[in-house]
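One file, entry-v1.cif, is given below (mmCIF, C-alpha atoms and all ligand atoms).
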```cif
data_model
#
loop_
_atom_site.label_atom_id
_atom_site.label_comp_id
_atom_site.auth_asym_id
_atom_site.auth_seq_id
_atom_site.Cartn_x
_atom_site.Cartn_y
_atom_site.Cartn_z
CA MET A 7 95.00 129.35 97.20
CA ILE A 8 94.68 126.32 94.97
CA PHE A 9 94.52 127.94 91.52
CA PHE A 10 97.58 128.99 89.52
CA ASP A 11 95.49 131.77 87.98
CA ASP A 12 94.79 133.34 91.39
CA ILE A 13 98.51 134.01 91.85
CA PRO A 14 99.37 137.21 89.99
CA PHE A 15 103.13 136.52 89.91
CA HIS A 16 105.75 134.05 88.70
CA GLU A 17 104.26 133.57 85.23
CA LYS A 18 107.41 131.90 83.89
CA GLU A 19 107.70 129.43 86.76
CA LYS A 20 103.98 128.63 86.67
CA ALA A 21 104.10 127.94 82.94
CA ARG A 22 107.00 125.51 83.39
CA ILE A 23 105.27 123.73 86.25
CA LEU A 24 101.97 123.45 84.35
CA GLN A 25 103.83 121.99 81.38
CA ALA A 26 105.54 119.41 83.62
CA LEU A 27 102.15 118.47 85.07
CA LYS A 28 100.72 118.07 81.60
CA ASP A 29 103.63 115.87 80.53
CA GLY A 30 103.36 113.81 83.71
CA ARG A 31 106.93 114.74 84.68
CA ASN A 32 106.44 114.94 88.43
CA SER A 33 109.66 114.52 90.31
CA HIS A 34 109.12 112.80 93.67
CA ALA A 35 111.21 115.30 95.64
CA GLN A 36 111.08 118.99 94.87
CA LEU A 37 112.24 122.26 96.31
CA PHE A 38 110.59 125.63 95.70
CA TYR A 39 112.83 128.35 97.04
CA GLY A 40 113.45 132.07 96.85
CA ALA A 41 113.16 135.45 98.53
CA PRO A 42 110.80 135.92 101.47
CA GLY A 43 107.45 137.49 100.72
CA ASN A 44 107.00 136.07 97.23
CA GLY A 45 104.51 133.51 95.91
CA LYS A 46 106.41 130.21 96.26
CA LEU A 47 104.12 128.70 98.91
CA ALA A 48 101.05 129.73 96.91
CA VAL A 49 102.45 128.07 93.79
CA ALA A 50 103.37 124.95 95.77
CA LEU A 51 99.78 124.63 97.00
CA ALA A 52 98.41 125.21 93.49
CA TYR A 53 100.77 122.53 92.20
CA ILE A 54 99.77 119.98 94.84
CA SER A 55 96.09 120.76 94.24
CA ALA A 56 96.54 120.16 90.50
CA LEU A 57 98.47 116.96 91.10
CA LEU A 58 95.71 115.56 93.33
CA CYS A 59 92.71 116.96 91.42
CA GLN A 60 90.37 114.34 90.00
CA GLN A 61 89.52 116.38 86.88
CA PRO A 62 92.46 118.74 86.33
CA THR A 63 92.27 121.28 83.51
CA GLU A 64 94.97 122.89 81.37
CA ARG A 65 95.28 125.54 84.10
CA GLY A 66 95.59 123.14 87.05
CA ALA A 67 93.06 122.16 89.72
CA CYS A 68 89.33 122.08 88.85
CA GLY A 69 88.19 123.54 92.17
CA ALA A 70 85.05 121.39 92.27
CA CYS A 71 86.06 117.78 92.97
CA PRO A 72 86.23 116.43 96.56
CA SER A 73 90.03 116.55 96.46
CA CYS A 74 90.07 120.25 95.48
CA ARG A 75 87.52 121.11 98.14
CA GLN A 76 89.69 119.47 100.77
CA MET A 77 92.78 121.27 99.51
CA MET A 78 90.93 124.59 99.83
CA LYS A 79 90.59 123.84 103.53
CA LEU A 80 94.20 122.64 103.76
CA SER A 81 92.73 119.43 105.02
CA HIS A 82 93.33 116.63 102.52
CA PRO A 83 93.76 113.01 103.62
CA ASP A 84 96.67 112.51 101.22
CA VAL A 85 98.59 115.67 102.14
CA GLN A 86 100.71 116.00 105.24
CA PHE A 87 101.86 119.48 106.24
CA VAL A 88 105.11 119.72 108.16
CA PHE A 89 106.66 122.93 109.52
CA PRO A 90 108.77 124.19 112.43
CA THR A 91 107.21 123.84 115.88
CA TYR A 92 108.24 123.79 119.51
CA SER A 93 107.81 121.21 122.24
CA SER A 94 106.47 122.05 125.67
CA LYS A 95 105.73 119.78 128.60
CA GLU A 96 103.40 122.32 130.25
CA GLU A 97 101.31 122.61 127.10
CA GLY A 98 101.47 118.89 126.41
CA LYS A 99 103.11 119.42 123.01
CA THR A 100 105.68 116.95 121.74
CA GLY A 101 106.51 119.14 118.75
CA LEU A 102 104.69 117.18 116.03
CA SER A 103 103.41 119.45 113.25
CA GLU A 104 100.02 117.79 113.57
CA GLU A 105 99.63 119.35 117.04
CA PHE A 106 99.83 122.84 115.49
CA ILE A 107 97.92 122.24 112.26
CA ALA A 108 94.89 124.37 113.24
CA GLU A 109 97.08 127.42 113.87
CA TRP A 110 99.04 126.81 110.68
CA ARG A 111 95.86 126.64 108.57
CA GLU A 112 94.76 129.90 110.13
CA VAL A 113 97.93 131.88 109.36
CA VAL A 114 98.25 130.49 105.85
CA ASN A 115 94.62 131.34 105.11
CA GLU A 116 95.16 134.84 106.43
CA ASN A 117 98.30 135.48 104.44
CA ILE A 118 99.86 133.01 102.01
CA TYR A 119 102.98 135.23 101.73
CA LEU A 120 103.90 134.82 105.39
CA ASN A 121 107.42 134.13 106.65
CA HIS A 122 108.87 132.30 109.64
CA GLU A 123 108.58 135.39 111.87
CA ASP A 124 104.82 135.59 111.32
CA TRP A 125 104.53 131.92 112.20
CA ILE A 126 106.60 132.31 115.35
CA ALA A 127 104.50 135.36 116.32
CA LYS A 128 101.30 133.41 115.73
CA LEU A 129 102.46 130.77 118.23
CA ASN A 130 103.89 133.36 120.67
CA ALA A 131 107.02 131.29 120.37
CA GLU A 132 109.68 134.04 120.21
CA LYS A 133 111.60 132.43 123.06
CA ARG A 134 111.11 128.83 121.92
CA ASN A 135 113.43 126.56 120.04
CA MET A 136 111.63 126.17 116.72
CA GLU A 137 112.54 123.06 114.77
CA ILE A 138 111.22 120.29 112.57
CA ARG A 139 111.79 117.33 114.84
CA VAL A 140 112.67 113.65 114.38
CA SER A 141 109.14 112.70 115.43
CA ASP A 142 107.88 114.48 112.31
CA ALA A 143 110.33 112.53 110.12
CA LYS A 144 108.98 109.36 111.65
CA ALA A 145 105.39 110.53 111.02
CA ILE A 146 106.31 111.24 107.39
CA ASN A 147 107.85 107.80 106.92
CA ASP A 148 104.81 106.11 108.47
CA ASN A 149 102.40 108.19 106.44
CA LEU A 150 104.13 107.53 103.12
CA SER A 151 104.06 103.80 103.73
CA PHE A 152 100.22 103.79 103.81
CA LYS A 153 98.08 103.65 100.68
CA SER A 154 96.62 106.93 99.54
CA PHE A 155 93.00 107.72 100.30
CA TYR A 156 92.08 108.63 96.72
CA ALA A 157 94.47 106.09 95.11
CA GLY A 158 96.53 108.98 93.71
CA TYR A 159 99.65 110.69 95.02
CA LYS A 160 100.62 110.97 98.67
CA VAL A 161 102.17 114.35 99.35
CA VAL A 162 104.26 115.81 102.15
CA LEU A 163 104.68 119.58 102.13
CA ILE A 164 107.62 120.69 104.27
CA TRP A 165 107.40 124.43 104.82
CA LEU A 166 110.70 126.01 105.86
CA PRO A 167 112.98 122.97 105.65
CA GLU A 168 115.79 125.25 106.90
CA PHE A 169 114.38 124.35 110.33
CA LEU A 170 115.03 120.62 109.84
CA GLY A 171 117.16 119.22 112.63
CA ILE A 172 120.12 117.16 111.40
CA ALA A 173 118.67 113.91 112.73
CA THR A 174 115.34 114.73 111.06
CA ALA A 175 117.01 115.46 107.74
CA ASN A 176 118.98 112.22 107.88
CA LYS A 177 115.86 110.25 108.58
CA LEU A 178 114.13 111.83 105.59
CA LEU A 179 116.97 111.05 103.21
CA LYS A 180 115.84 107.49 102.71
CA ASN A 181 112.45 108.63 101.45
CA ILE A 182 114.08 111.09 99.13
CA GLU A 183 116.58 108.55 97.78
CA GLU A 184 114.30 105.53 97.52
CA PRO A 185 110.80 106.92 97.26
CA GLU A 186 107.66 104.82 97.30
CA SER A 187 105.83 105.11 93.99
CA LYS A 188 103.40 108.01 93.62
CA THR A 189 104.77 110.05 96.47
CA LEU A 190 105.87 113.66 96.48
CA ILE A 191 107.99 115.43 99.07
CA MET A 192 107.73 119.16 98.40
CA MET A 193 109.92 121.57 100.33
CA VAL A 194 109.30 125.33 100.33
CA SER A 195 112.28 127.29 101.59
CA GLU A 196 113.14 130.92 102.31
CA GLN A 197 116.78 130.31 103.15
CA VAL A 198 118.02 127.67 100.82
CA HIS A 199 121.63 128.21 101.87
CA SER A 200 120.85 126.87 105.33
CA LEU A 201 119.77 123.52 103.90
CA MET A 202 122.10 120.55 103.97
CA PRO A 203 123.68 119.91 100.56
CA THR A 204 122.94 116.18 100.95
CA ILE A 205 119.27 117.17 100.84
CA THR A 206 119.28 119.90 98.20
CA SER A 207 121.37 117.88 95.77
CA ARG A 208 118.61 115.26 95.70
CA LEU A 209 115.76 117.68 95.07
CA GLN A 210 114.53 119.10 91.81
CA SER A 211 114.63 122.82 92.45
CA VAL A 212 112.62 125.75 91.17
CA HIS A 213 113.79 129.24 92.06
CA PHE A 214 111.13 131.91 92.62
CA PRO A 215 112.56 135.42 92.22
CA ARG A 216 111.88 138.40 94.40
CA LEU A 217 108.72 140.25 93.34
CA SER A 218 109.18 143.56 91.55
CA LYS A 219 108.05 146.89 93.02
CA GLU A 220 105.44 146.99 90.31
CA GLU A 221 104.05 143.57 91.29
CA VAL A 222 103.83 144.53 94.97
CA LYS A 223 102.18 147.84 94.08
CA ASN A 224 99.61 146.19 91.82
CA GLU A 225 98.74 143.58 94.41
CA LEU A 226 98.25 146.25 97.09
CA LYS A 227 96.09 148.29 94.71
CA ALA A 228 94.03 145.20 93.87
CA ARG A 229 93.37 144.94 97.60
CA ASN A 230 92.35 148.62 97.76
CA ILE A 231 95.18 149.48 100.11
CA ASP A 232 95.93 153.21 100.45
CA GLY A 233 99.46 154.38 99.82
CA ALA A 234 100.32 151.39 97.60
CA ASP A 235 103.02 153.39 95.79
CA VAL A 236 104.77 154.48 98.96
CA ILE A 237 104.65 151.03 100.54
CA ALA A 238 105.95 149.32 97.40
CA GLU A 239 108.98 151.63 97.52
CA LEU A 240 109.73 150.59 101.11
CA VAL A 241 109.68 146.79 101.01
CA GLU A 242 112.00 145.74 98.16
CA GLY A 243 109.62 143.24 96.62
CA ASN A 244 108.58 141.62 99.89
CA LEU A 245 104.78 141.42 99.70
CA ASN A 246 104.58 139.97 103.19
CA ASP A 247 106.36 143.01 104.67
CA ALA A 248 104.06 145.26 102.65
CA LEU A 249 100.96 143.54 104.02
CA ASN A 250 102.31 143.58 107.56
CA LEU A 251 102.93 147.31 107.27
CA THR A 252 99.42 147.99 106.04
CA HIS A 253 97.86 145.91 108.80
CA LYS A 254 98.91 148.58 111.23
CA SER A 255 96.87 151.27 109.53
CA GLU A 256 98.67 153.98 111.48
CA SER A 257 102.07 152.75 110.37
CA LEU A 258 102.37 154.79 107.22
CA SER A 259 101.66 158.25 108.55
CA GLN A 260 103.70 157.24 111.59
CA LEU A 261 106.75 156.90 109.33
CA ALA A 262 106.58 160.61 108.55
CA VAL A 263 105.92 161.55 112.16
CA TYR A 264 108.93 159.50 113.30
CA PHE A 265 111.12 160.93 110.58
CA THR A 266 110.32 164.54 111.49
CA ARG A 267 110.87 163.91 115.19
CA TRP A 268 114.00 161.84 114.65
CA MET A 269 115.75 164.41 112.43
CA ARG A 270 115.02 167.10 115.01
CA ILE A 271 116.44 165.17 117.96
CA CYS A 272 119.43 163.97 115.95
CA TYR A 273 120.21 167.55 114.97
CA SER A 274 120.04 168.81 118.54
CA VAL A 275 121.63 165.57 119.84
CA ASN A 276 119.04 165.15 122.59
CA MET A 277 120.30 161.92 124.17
CA PRO A 278 117.27 161.01 126.33
CA GLU A 279 115.02 161.48 123.28
CA ILE A 280 117.40 159.51 121.05
CA ILE A 281 117.27 156.57 123.44
CA LYS A 282 113.50 156.88 123.68
CA ILE A 283 112.93 156.83 119.93
CA GLY A 284 115.28 153.84 119.65
CA GLU A 285 113.10 152.00 122.15
CA GLU A 286 109.89 152.98 120.38
CA VAL A 287 111.06 151.80 116.96
CA HIS A 288 112.38 148.64 118.64
CA LYS A 289 108.89 147.91 119.97
CA GLU A 290 107.34 148.32 116.53
CA GLY A 291 109.46 145.42 115.31
CA ARG A 292 111.90 144.61 112.55
CA VAL A 293 109.60 145.08 109.56
CA PHE A 294 108.62 148.55 110.73
CA ALA A 295 112.21 149.51 111.61
CA VAL A 296 113.47 148.58 108.15
CA ALA A 297 110.54 150.34 106.47
CA PHE A 298 111.21 153.42 108.61
CA LEU A 299 114.87 153.57 107.59
CA ARG A 300 113.98 153.02 103.92
CA PHE A 301 111.50 155.85 104.27
CA CYS A 302 114.35 158.02 105.60
CA LEU A 303 116.47 157.07 102.58
CA GLN A 304 113.62 158.04 100.29
CA THR A 305 112.99 161.38 101.99
CA ILE A 306 116.67 162.34 102.01
CA ARG A 307 116.96 161.48 98.30
CA GLN A 308 113.85 163.50 97.51
CA THR A 309 115.23 166.43 99.49
CA VAL A 310 118.49 166.42 97.51
CA LEU A 311 116.54 166.27 94.26
CA SER A 312 114.23 169.08 95.37
CA LYS A 313 117.20 171.46 95.13
CA TYR A 314 117.39 170.86 91.41
CA LYS A 315 113.77 170.57 90.49
CA PRO A 316 110.68 171.51 92.43
CA SER A 317 109.11 168.41 93.96
CA VAL A 318 105.73 167.73 95.44
CA GLU A 319 105.51 167.41 99.20
CA ASN A 320 104.97 163.80 100.21
CA PRO A 321 101.33 163.55 101.35
CA LEU A 322 102.43 161.37 104.29
CA PHE A 323 103.91 164.49 105.88
CA GLN A 324 100.53 166.20 106.08
CA ARG A 325 100.19 165.43 109.76
CA THR A 326 103.60 166.86 110.60
CA ASP A 327 105.16 170.30 110.41
CA PHE A 328 107.98 168.97 108.20
CA LYS A 329 108.92 171.32 105.36
CA MET A 330 111.26 170.00 102.73
CA VAL A 331 112.58 173.50 101.95
CA ASN A 332 113.73 173.84 105.55
CA PHE A 333 115.21 170.36 105.73
CA ALA A 334 117.03 171.07 102.46
CA LYS A 335 119.02 173.79 104.24
CA ILE A 336 120.95 171.20 106.25
CA ILE A 337 121.23 168.60 103.45
CA ASN A 338 123.81 168.84 100.69
CA PRO A 339 124.99 166.24 98.18
CA GLU A 340 128.03 165.29 100.32
CA ASN A 341 126.40 164.77 103.67
CA ALA A 342 123.40 163.20 101.91
CA HIS A 343 125.69 160.63 100.31
CA LYS A 344 127.19 159.72 103.69
CA LEU A 345 123.78 159.68 105.39
CA LEU A 346 122.44 157.26 102.80
CA GLY A 347 125.46 154.99 103.33
CA GLU A 348 125.05 154.99 107.12
CA ILE A 349 121.32 154.31 106.93
CA ASP A 350 121.87 151.52 104.39
CA GLU A 351 124.31 149.90 106.76
CA ALA A 352 121.88 150.21 109.66
CA ILE A 353 119.22 148.46 107.55
CA SER A 354 121.60 145.53 106.92
CA ASP A 355 122.41 145.35 110.63
CA ILE A 356 118.74 145.19 111.54
CA GLN A 357 118.10 142.57 108.88
CA ARG A 358 120.95 140.51 110.31
CA TYR A 359 119.11 140.57 113.64
CA GLY A 360 121.12 143.30 115.32
CA SER A 361 119.38 144.97 118.25
CA ILE A 362 117.06 147.59 116.72
CA LYS A 363 117.40 149.83 119.76
CA MET A 364 121.19 149.84 119.60
CA VAL A 365 121.38 150.26 115.85
CA ILE A 366 119.02 153.28 115.93
CA THR A 367 120.83 154.88 118.87
CA ASP A 368 124.23 154.52 117.21
CA LEU A 369 122.87 155.72 113.89
CA SER A 370 121.29 158.78 115.53
CA ILE A 371 124.67 160.05 116.67
CA ARG A 372 126.17 159.46 113.24
CA VAL A 373 123.30 161.35 111.69
CA HIS A 374 123.88 164.18 114.16
CA TYR A 375 127.50 164.57 113.08
CA LEU A 376 126.61 164.38 109.41
CA LEU A 377 123.89 167.02 109.72
CA LYS A 378 125.99 169.36 111.86
CA ARG A 379 129.55 168.87 110.64
CA GLY A 380 129.22 166.93 107.43
CA GLU A 381 131.46 164.13 108.71
CA ILE A 382 131.76 161.63 111.54
CA PRO A 383 134.78 162.22 113.81
CA GLU A 384 137.41 159.47 113.62
CA ALA A 385 137.15 158.94 117.36
CA PHE A 386 133.50 157.98 117.08
CA ASN A 387 134.17 155.28 114.52
CA VAL A 388 136.52 153.51 116.90
CA PHE A 389 133.58 152.49 119.09
ZN ZN B 1 89.63 119.07 91.33
#
```

Could you express the structure from this file as structure tokens?
Ligand SMILES: [Zn+2]
Amino acid sequence: MIFFDDIPFHEKEKARILQALKDGRNSHAQLFYGAPGNGKLAVALAYISALLCQQPTERGACGACPSCRQMMKLSHPDVQFVFPTYSSKEEGKTGLSEEFIAEWREVVNENIYLNHEDWIAKLNAEKRNMEIRVSDAKAINDNLSFKSFYAGYKVVLIWLPEFLGIATANKLLKNIEEPESKTLIMMVSEQVHSLMPTITSRLQSVHFPRLSKEEVKNELKARNIDGADVIAELVEGNLNDALNLTHKSESLSQLAVYFTRWMRICYSVNMPEIIKIGEEVHKEGRVFAVAFLRFCLQTIRQTVLSKYKPSVENPLFQRTDFKMVNFAKIINPENAHKLLGEIDEAISDIQRYGSIKMVITDLSIRVHYLLKRGEIPEAFNVF
């Protein structure tokens, strides 16, 4: 991903960046930040490619010079990639980014919209302490003090600087405050609020907004992915979540199967089944769990609307015996309103890293009360 024109989003930001390149206004320390699952890393790579290109055009990198060809492989002698890693004596890893560069190239090539969870999953490092370590700060300082290979810029791309340890950040400050000439430190962050203000205040920042539903839908359609409309509704502008959902090809029809089963066991308050479904959704992971609950929101809303105007059955329900007319008999505007509120809250809990299993189990009982009685007993809310 080295061409601005290959990135179908962020037109405004790209135009500003291209203008700055043209005017030679290249700040030596920059921060691209914004919502997960948007195109900030892609734009950062396009920007670095353009900056290093030997024959750049009005639209950025040429794509043909030796520098561009090396950028395409994420293997350029003047670019250092730094990202969170772990250290492990058994595996002989000290935690330097360089030790993990092959894996990083692989995931970024697979999916430029990835987030930290995909990276951690790639390394099977769920139980590891992921960090950008002091040794990397030292490697950056050493690297920037050497001459560049092509006599142009030397660039350090720090992906996910929210993982910078304090000591690492402090060590980097000198380079940010008193840069060598023709150097660029580019940080690409998902959680800018976790960055130290001493760092962010010294960076020139560009905010990349969340993608729109329309943008996600169009990108999925461009990739010939079935059910683009449904998926775009479920991911709130997070293209990475959308792609992760489609990678499990069964996921989408599974949403409808789960929904049908879940509503049934909530209604009859079948505890062993409730616990079981909680465990199953838990295993599918956070992205799926959130998509599942958003799918529930969608279906409940559609059911309420179906009372006022005839609606088409969602094709995802084809493999189930779900009938909206029947479901509509236990849904009314009041309990629907409360159900939507409870499910919304459960989504936030899961996004804040609550236990999926526990959130789904608790929610199931709330849903039971709302379907059967239209309200949740006071006593239940105490717990
Ligand atoms: Zn070039």

Closest atom pairs, chain A residues within 7 Å of ligand ZN 1 (chain B), all atoms listed in the file, as a tab-separated table:
```
residue	atom	partner	partner_atom	distance
A:Cys59	CA	B:ZN1	ZN	3.7
A:Gln60	CA	B:ZN1	ZN	5.0
A:Gln61	CA	B:ZN1	ZN	5.2
A:Pro62	CA	B:ZN1	ZN	5.8
A:Ala67	CA	B:ZN1	ZN	4.9
A:Cys68	CA	B:ZN1	ZN	3.9
A:Gly69	CA	B:ZN1	ZN	4.8
A:Ala70	CA	B:ZN1	ZN	5.2
A:Cys71	CA	B:ZN1	ZN	4.1
A:Pro72	CA	B:ZN1	ZN	6.8
A:Ser73	CA	B:ZN1	ZN	5.7
A:Cys74	CA	B:ZN1	ZN	4.3
```

Give the answer as one residue: which of A:Leu249, A:Val236, A:Leu166, A:Leu346 has the shortest atom-to-atom distance to A:His199, using only C-alpha atoms?
A:Leu166

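Coordinates place atom CA of A:Gly40 at a distance of 5.8 Å from atom CA of A:Pro215.
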
As JSON, please report the centre and edge lengths, rounded to one decimal in Å, of the axis-aligned box that holds all listed atoms of stretch 344-350 of chain A with 5 Å of padding on each of the six sides.
```
{"center_x": 124.3, "center_y": 155.6, "center_z": 105.0, "size_x": 15.9, "size_y": 18.2, "size_z": 14.3}
```

Expressed in Å, the length from atom CA of A:Lys219 to atom CA of A:Glu242 is 6.6 Å

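Interatomic distance, atom CA of A:Thr309 against atom CA of A:Ala385: 29.3 Å.
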
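Neighbours of A:Asp232 closer than or equal to 12 Å, with all atoms listed in the file counted and sequence neighbours fewer than 6 positions away skipped, come out as Lys223, Asn224, Glu225, Leu226, Ala238, Ala248, Leu249, Leu251, Thr252, His253, Ser255, Glu256, Ser257, Leu258, Ser259, Pro321 and Leu322 of chain A.
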
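Of the residues under consideration (A:Ala352, A:Leu345, A:Asn149, A:Pro14), A:Leu345 shows the shortest atom-to-atom contact distance to A:Ile382 when counting only C-alpha atoms.
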
Taking only C-alpha atoms into account, which of A:Gly347, A:Pro83, A:Gly43, A:Gly291 comes nearest A:Val162?
A:Pro83

Residue rebuild result stretch 362-384 of chain A, N, CA and C atoms as an mmCIF file, keeping the file's coordinate frame:
```cif
data_model
loop_
_atom_site.group_PDB
_atom_site.id
_atom_site.type_symbol
_atom_site.label_atom_id
_atom_site.label_comp_id
_atom_site.auth_asym_id
_atom_site.auth_seq_id
_atom_site.Cartn_x
_atom_site.Cartn_y
_atom_site.Cartn_z
ATOM 1 N N ILE A 362 117.611 146.398 117.380
ATOM 2 C CA ILE A 362 117.060 147.590 116.720
ATOM 3 C C ILE A 362 117.376 148.834 117.537
ATOM 4 N N LYS A 363 117.191 148.705 118.860
ATOM 5 C CA LYS A 363 117.400 149.830 119.760
ATOM 6 C C LYS A 363 118.837 150.349 119.631
ATOM 7 N N MET A 364 119.794 149.419 119.654
ATOM 8 C CA MET A 364 121.190 149.840 119.600
ATOM 9 C C MET A 364 121.567 150.409 118.239
ATOM 10 N N VAL A 365 121.057 149.785 117.196
ATOM 11 C CA VAL A 365 121.380 150.260 115.850
ATOM 12 C C VAL A 365 120.851 151.689 115.665
ATOM 13 N N ILE A 366 119.614 151.943 116.104
ATOM 14 C CA ILE A 366 119.020 153.280 115.930
ATOM 15 C C ILE A 366 119.755 154.320 116.776
ATOM 16 N N THR A 367 120.126 153.941 118.001
ATOM 17 C CA THR A 367 120.830 154.880 118.870
ATOM 18 C C THR A 367 122.177 155.272 118.255
ATOM 19 N N ASP A 368 122.924 154.275 117.825
ATOM 20 C CA ASP A 368 124.230 154.520 117.210
ATOM 21 C C ASP A 368 124.079 155.375 115.943
ATOM 22 N N LEU A 369 123.093 154.992 115.143
ATOM 23 C CA LEU A 369 122.870 155.720 113.890
ATOM 24 C C LEU A 369 122.507 157.181 114.161
ATOM 25 N N SER A 370 121.740 157.412 115.222
ATOM 26 C CA SER A 370 121.290 158.780 115.530
ATOM 27 C C SER A 370 122.487 159.712 115.736
ATOM 28 N N ILE A 371 123.504 159.198 116.408
ATOM 29 C CA ILE A 371 124.670 160.050 116.670
ATOM 30 C C ILE A 371 125.446 160.298 115.381
ATOM 31 N N ARG A 372 125.526 159.271 114.549
ATOM 32 C CA ARG A 372 126.170 159.460 113.240
ATOM 33 C C ARG A 372 125.426 160.501 112.413
ATOM 34 N N VAL A 373 124.107 160.386 112.446
ATOM 35 C CA VAL A 373 123.300 161.350 111.690
ATOM 36 C C VAL A 373 123.522 162.755 112.231
ATOM 37 N N HIS A 374 123.608 162.863 113.547
ATOM 38 C CA HIS A 374 123.880 164.180 114.160
ATOM 39 C C HIS A 374 125.145 164.798 113.577
ATOM 40 N N TYR A 375 126.236 164.039 113.601
ATOM 41 C CA TYR A 375 127.500 164.570 113.080
ATOM 42 C C TYR A 375 127.382 164.954 111.610
ATOM 43 N N LEU A 376 126.704 164.110 110.844
ATOM 44 C CA LEU A 376 126.610 164.380 109.410
ATOM 45 C C LEU A 376 125.764 165.623 109.123
ATOM 46 N N LEU A 377 124.730 165.835 109.926
ATOM 47 C CA LEU A 377 123.890 167.020 109.720
ATOM 48 C C LEU A 377 124.616 168.280 110.168
ATOM 49 N N LYS A 378 125.357 168.173 111.277
ATOM 50 C CA LYS A 378 125.990 169.360 111.860
ATOM 51 C C LYS A 378 127.348 169.673 111.257
ATOM 52 N N ARG A 379 128.160 168.620 111.062
ATOM 53 C CA ARG A 379 129.550 168.870 110.640
ATOM 54 C C ARG A 379 129.868 168.318 109.261
ATOM 55 N N GLY A 380 128.979 167.494 108.763
ATOM 56 C CA GLY A 380 129.220 166.930 107.430
ATOM 57 C C GLY A 380 130.124 165.723 107.449
ATOM 58 N N GLU A 381 130.662 165.353 108.622
ATOM 59 C CA GLU A 381 131.460 164.130 108.710
ATOM 60 C C GLU A 381 131.413 163.563 110.124
ATOM 61 N N ILE A 382 131.770 162.285 110.232
ATOM 62 C CA ILE A 382 131.760 161.630 111.540
ATOM 63 C C ILE A 382 133.186 161.643 112.064
ATOM 64 N N PRO A 383 133.406 162.161 113.284
ATOM 65 C CA PRO A 383 134.780 162.220 113.810
ATOM 66 C C PRO A 383 135.394 160.816 113.876
ATOM 67 N N GLU A 384 136.679 160.740 113.571
ATOM 68 C CA GLU A 384 137.410 159.470 113.620
ATOM 69 C C GLU A 384 137.171 158.742 114.938
#
```
